[in-house]
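A.B. asks: The structure follows.
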Amino acid sequence: MAPKVLISDKLSDAAVQIFKDRGIDVDFQPDLGKDKDKLAAVIGDYDGLAIRSATKVTDKILANATNLKVIARAGIGTDNIDKDAASKKGVIVMNTPFGNMITTAEHAIAMMFAVARQIPEASASTHAGKWEKSKFMGVELTGKTLGVIGAGNIGGIVCDRARGLKMKVAAYDPFLSEEKAQKMGVEKVELDDLLARADFITLHVPYTDQTANILSKEALAKTKKGVRIINCARGGLVDEEALAEALKSGHVAGAAFDVFKEEPATENPLFGLPNVVCTPHLGAATTEAQENVALQVAEQMSDYLLTGAVTNALNMPSVTAEEAKVMGPWITLAGHLGAFIGQMTDEAVKAINILYDGQVSEMNLNALNCAVVAGIMKRANPDVNMVSAPVVAREKGIQISTTNQDKSGVFDGYVKVTVVTEKRERSIAGTVFSDGKPRFIQIKGINIEAEVGAHMLYTTNDDVPGIIGTLGQTLGAHDVNIANFTLGRSTAKGEAIALLYIDGPLPEKALKDLHDTGLFKQVKELEFEVG
């Protein structure tokens, strides 16, 4: 059955057609996002949800999203999505951070020009039949210092455009290296230095706990007298009431805001003040940008639902289409390794240690880690997946560590998973053969070579004669067919293990009969999700 996607906000016809061309069953209801109750009632029918800003994806909506796998926002901001609830539900949240970069950066530059030359007020005055030429004395941008808070994708474009305007650019960004700053032709500075020197300040950071009110009352007091402030990023980055006071006092000469703490903004401390330019969140509002992000959403969602490729996800490691092809069997293996240990472990897990050897060590380890953790967590929570597993592990205080190393054995690559509890450590290793099928190659340090089946039987015992016969005879008596049989032992007469791939579920009486022989230290039926 084809995946089913709901578009609950306005998206271009070209984006809808992409879904159809890719074989996705698409339901285009552009006004549905405004009706949260109706959306909650129907969301359970869909695998994917494509939105803009009108749709609010709350925990109530997600509670009904029984089949939902991905939410994609046509645009950058995802404040309208409860990402924590989505992660716990196992739903990937995507955005399109690159489709409107140029548009937003250009709007910031336009706003800077507008506030520097008081263009909106001068235009309104002239339209009113006044000729107040001397009233609107502006300032040049050339030679002025622009302080850029956040020099990422959009901020970087603003830096480039500002340098073209012959401005001096100082950037504050904890993630900006000195080498990158030099390549961009900007000066990397600390925030207080930027505040003290900048003639114009523009913000280009997301809204987080760290950036909320980054231009607070205290920060505004540190700015250069006569500074002009532009915010086309997110509302809440600037203390709007403190800025209004600084504008009234003349310390701040002007401001240009496209975003506000409360939106839609029908009232705000900045409204009505002279030399304050306000626009209704138009940063991405160009024909080109709207089309670009819509097309990106359609392609990203289709890629994920059809091939497993993950692009621009906010709560899941990205996996390209090419990576998905190569890594698919390894992700399956990682899940099987986790599932084995998860089913074998009854105590609370303290730590998960994952070793990647050889060719697999060069792959996308974040995605593989998620698959391992999901496999382990499924025993306690069958609904967990690669998205929600890390959240569950974090909530339980489980420590996750990884090690990668060059090829160290006969296999081109392998993965070894060790789980630590209060009582013990348990480990298993596996690889992917040239046929693309995962194999278990080591359990408890004992080398084996076992194909993975949907139903398996695992036993441990002292290495004594008769074990094979007992297993075969007991299972045969209960009409259980053995598809594959693997044995391994630490040393002669030492500990031995058996791993059997069987055709179906094991009857409870068969398990009891094996226990009753007294030959086995452990008898465990295991189940795996195999394609």
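For the structure tokens, the naming scheme is as follows: chains receive sequential letters (A, B, ...) according to their order of presentation, residues are indexed from 1 within each chain, and ligands are indexed from 1 in presentation order.
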Need the shell around Val373 of chain A: protein/DNA/RNA residues with any atom at most 6 Å away, counting only C-alpha atoms. Skip same-chain ones fewer than 3 positions apart. Format as a PyMOL selection string?
C.D. replies: chain A and resi 370+376+389
A.B. asks: Mind dumping the selected residues with N, CA, C and O atoms as a PDB file, in the first residue's frame?
C.D. replies:
ATOM      1  N   CYS A 370      21.165   4.845  16.987  1.00  0.00           N
ATOM      2  CA  CYS A 370      19.716   4.907  17.212  1.00  0.00           C
ATOM      3  C   CYS A 370      19.070   3.540  16.989  1.00  0.00           C
ATOM      4  O   CYS A 370      18.157   3.141  17.725  1.00  0.00           O
ATOM      5  N   ILE A 376      17.195  -2.444  21.713  1.00  0.00           N
ATOM      6  CA  ILE A 376      17.255  -2.769  23.141  1.00  0.00           C
ATOM      7  C   ILE A 376      15.974  -2.355  23.853  1.00  0.00           C
ATOM      8  O   ILE A 376      15.443  -3.085  24.693  1.00  0.00           O
ATOM      9  N   ALA A 389      13.752   6.139  20.666  1.00  0.00           N
ATOM     10  CA  ALA A 389      14.634   5.364  21.541  1.00  0.00           C
ATOM     11  C   ALA A 389      15.654   6.219  22.293  1.00  0.00           C
ATOM     12  O   ALA A 389      15.821   6.061  23.508  1.00  0.00           O
TER      13      ALA A 389
END
A.B. asks: Please identify all polymer residues within 10 Å of Ala116 of chain A, counting only C-alpha atoms, omitting same-chain residues fewer than 6 positions from it, and present them as a list in words.
C.D. replies: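 Non-adjacent residues within range: Ala110, Phe136, Met137, Gly138, Val139, Glu140, Leu141, Phe200, Arg228, Ala253, Gly254, Ala255, Ala256 and Asn275 of chain A.
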A.B. asks: Please identify all polymer residues within 12 Å of Glu422 of chain A, counting only C-alpha atoms, omitting same-chain residues fewer than 6 positions from it, and present them as a PDB file with all heavy atoms, in the first residue's frame.
C.D. replies:
ATOM      1  N   THR A 345      18.045  -9.343  28.591  1.00  0.00           N
ATOM      2  CA  THR A 345      18.363  -8.563  29.785  1.00  0.00           C
ATOM      3  C   THR A 345      17.100  -8.243  30.570  1.00  0.00           C
ATOM      4  O   THR A 345      16.194  -7.575  30.064  1.00  0.00           O
ATOM      5  CB  THR A 345      19.074  -7.251  29.398  1.00  0.00           C
ATOM      6  OG1 THR A 345      20.230  -7.566  28.612  1.00  0.00           O
ATOM      7  CG2 THR A 345      19.494  -6.466  30.622  1.00  0.00           C
ATOM      8  N   ASP A 346      17.045  -8.723  31.810  1.00  0.00           N
ATOM      9  CA  ASP A 346      15.895  -8.478  32.675  1.00  0.00           C
ATOM     10  C   ASP A 346      16.141  -7.321  33.641  1.00  0.00           C
ATOM     11  O   ASP A 346      15.194  -6.754  34.179  1.00  0.00           O
ATOM     12  CB  ASP A 346      15.558  -9.737  33.488  1.00  0.00           C
ATOM     13  CG  ASP A 346      15.115 -10.885  32.590  1.00  0.00           C
ATOM     14  OD1 ASP A 346      14.418 -10.610  31.603  1.00  0.00           O
ATOM     15  OD2 ASP A 346      15.486 -12.036  32.874  1.00  0.00           O
ATOM     16  N   GLU A 347      17.429  -6.974  33.885  1.00  0.00           N
ATOM     17  CA  GLU A 347      17.723  -5.905  34.833  1.00  0.00           C
ATOM     18  C   GLU A 347      17.732  -4.547  34.134  1.00  0.00           C
ATOM     19  O   GLU A 347      17.790  -4.468  32.912  1.00  0.00           O
ATOM     20  CB  GLU A 347      19.093  -6.119  35.493  1.00  0.00           C
ATOM     21  CG  GLU A 347      19.309  -7.518  36.034  1.00  0.00           C
ATOM     22  CD  GLU A 347      20.063  -8.404  35.060  1.00  0.00           C
ATOM     23  OE1 GLU A 347      21.058  -7.943  34.465  1.00  0.00           O
ATOM     24  OE2 GLU A 347      19.640  -9.553  34.887  1.00  0.00           O
ATOM     25  N   ALA A 348      17.681  -3.496  34.938  1.00  0.00           N
ATOM     26  CA  ALA A 348      17.743  -2.135  34.404  1.00  0.00           C
ATOM     27  C   ALA A 348      19.101  -1.897  33.750  1.00  0.00           C
ATOM     28  O   ALA A 348      20.150  -2.247  34.302  1.00  0.00           O
ATOM     29  CB  ALA A 348      17.513  -1.119  35.513  1.00  0.00           C
ATOM     30  N   VAL A 349      19.093  -1.321  32.565  1.00  0.00           N
ATOM     31  CA  VAL A 349      20.317  -1.053  31.815  1.00  0.00           C
ATOM     32  C   VAL A 349      20.940   0.249  32.307  1.00  0.00           C
ATOM     33  O   VAL A 349      20.282   1.283  32.391  1.00  0.00           O
ATOM     34  CB  VAL A 349      20.028  -0.964  30.303  1.00  0.00           C
ATOM     35  CG1 VAL A 349      21.277  -0.568  29.536  1.00  0.00           C
ATOM     36  CG2 VAL A 349      19.479  -2.295  29.795  1.00  0.00           C
ATOM     37  N   LYS A 350      22.242   0.205  32.642  1.00  0.00           N
ATOM     38  CA  LYS A 350      22.973   1.404  33.072  1.00  0.00           C
ATOM     39  C   LYS A 350      23.710   2.061  31.912  1.00  0.00           C
ATOM     40  O   LYS A 350      23.789   3.282  31.834  1.00  0.00           O
ATOM     41  CB  LYS A 350      23.980   1.037  34.166  1.00  0.00           C
ATOM     42  CG  LYS A 350      23.367   0.610  35.483  1.00  0.00           C
ATOM     43  CD  LYS A 350      24.442   0.165  36.467  1.00  0.00           C
ATOM     44  CE  LYS A 350      25.490   1.246  36.705  1.00  0.00           C
ATOM     45  NZ  LYS A 350      26.540   0.804  37.629  1.00  0.00           N
ATOM     46  N   ALA A 351      24.274   1.238  31.029  1.00  0.00           N
ATOM     47  CA  ALA A 351      25.080   1.789  29.942  1.00  0.00           C
ATOM     48  C   ALA A 351      25.015   0.878  28.724  1.00  0.00           C
ATOM     49  O   ALA A 351      24.842  -0.343  28.849  1.00  0.00           O
ATOM     50  CB  ALA A 351      26.534   1.963  30.381  1.00  0.00           C
TER      51      ALA A 351
END
A.B. asks: Tell me, which residues of segment 375-484 of chain A carry DSSP alpha helix (DSSP H), written as a VMD selection string?
C.D. replies: chain A and resid 375 to 377 389 to 395 467 to 477
A.B. asks: Please indicate the distance in Å from atom CA of Thr459 of chain A to atom CA of Lys521 of chain A, rounded to one decimal place.
C.D. replies: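 Those two atoms sit 7.4 Å apart.
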A.B. asks: Residues at most 7 Å from segment 41-57 of chain A, counting only C-alpha atoms, excluding those fewer than 6 positions away in the same chain, as a PyMOL selection string?
C.D. replies: chain A and resi 3-9+33-34+64-75+80-82
A.B. asks: Taking 2 positions as the minimum chain separation for residues in the same chain, which residues sit within 8 Å of Pro264 of chain A when counting only C-alpha atoms? Answer as a ChimeraX atom specification.
C.D. replies: /A:262,266,280
A.B. asks: One decimal, in Å: what's the spacing between atom CA of Ala108 of chain A and atom CA of Ala162 of chain A?
C.D. replies: 10.4 Å
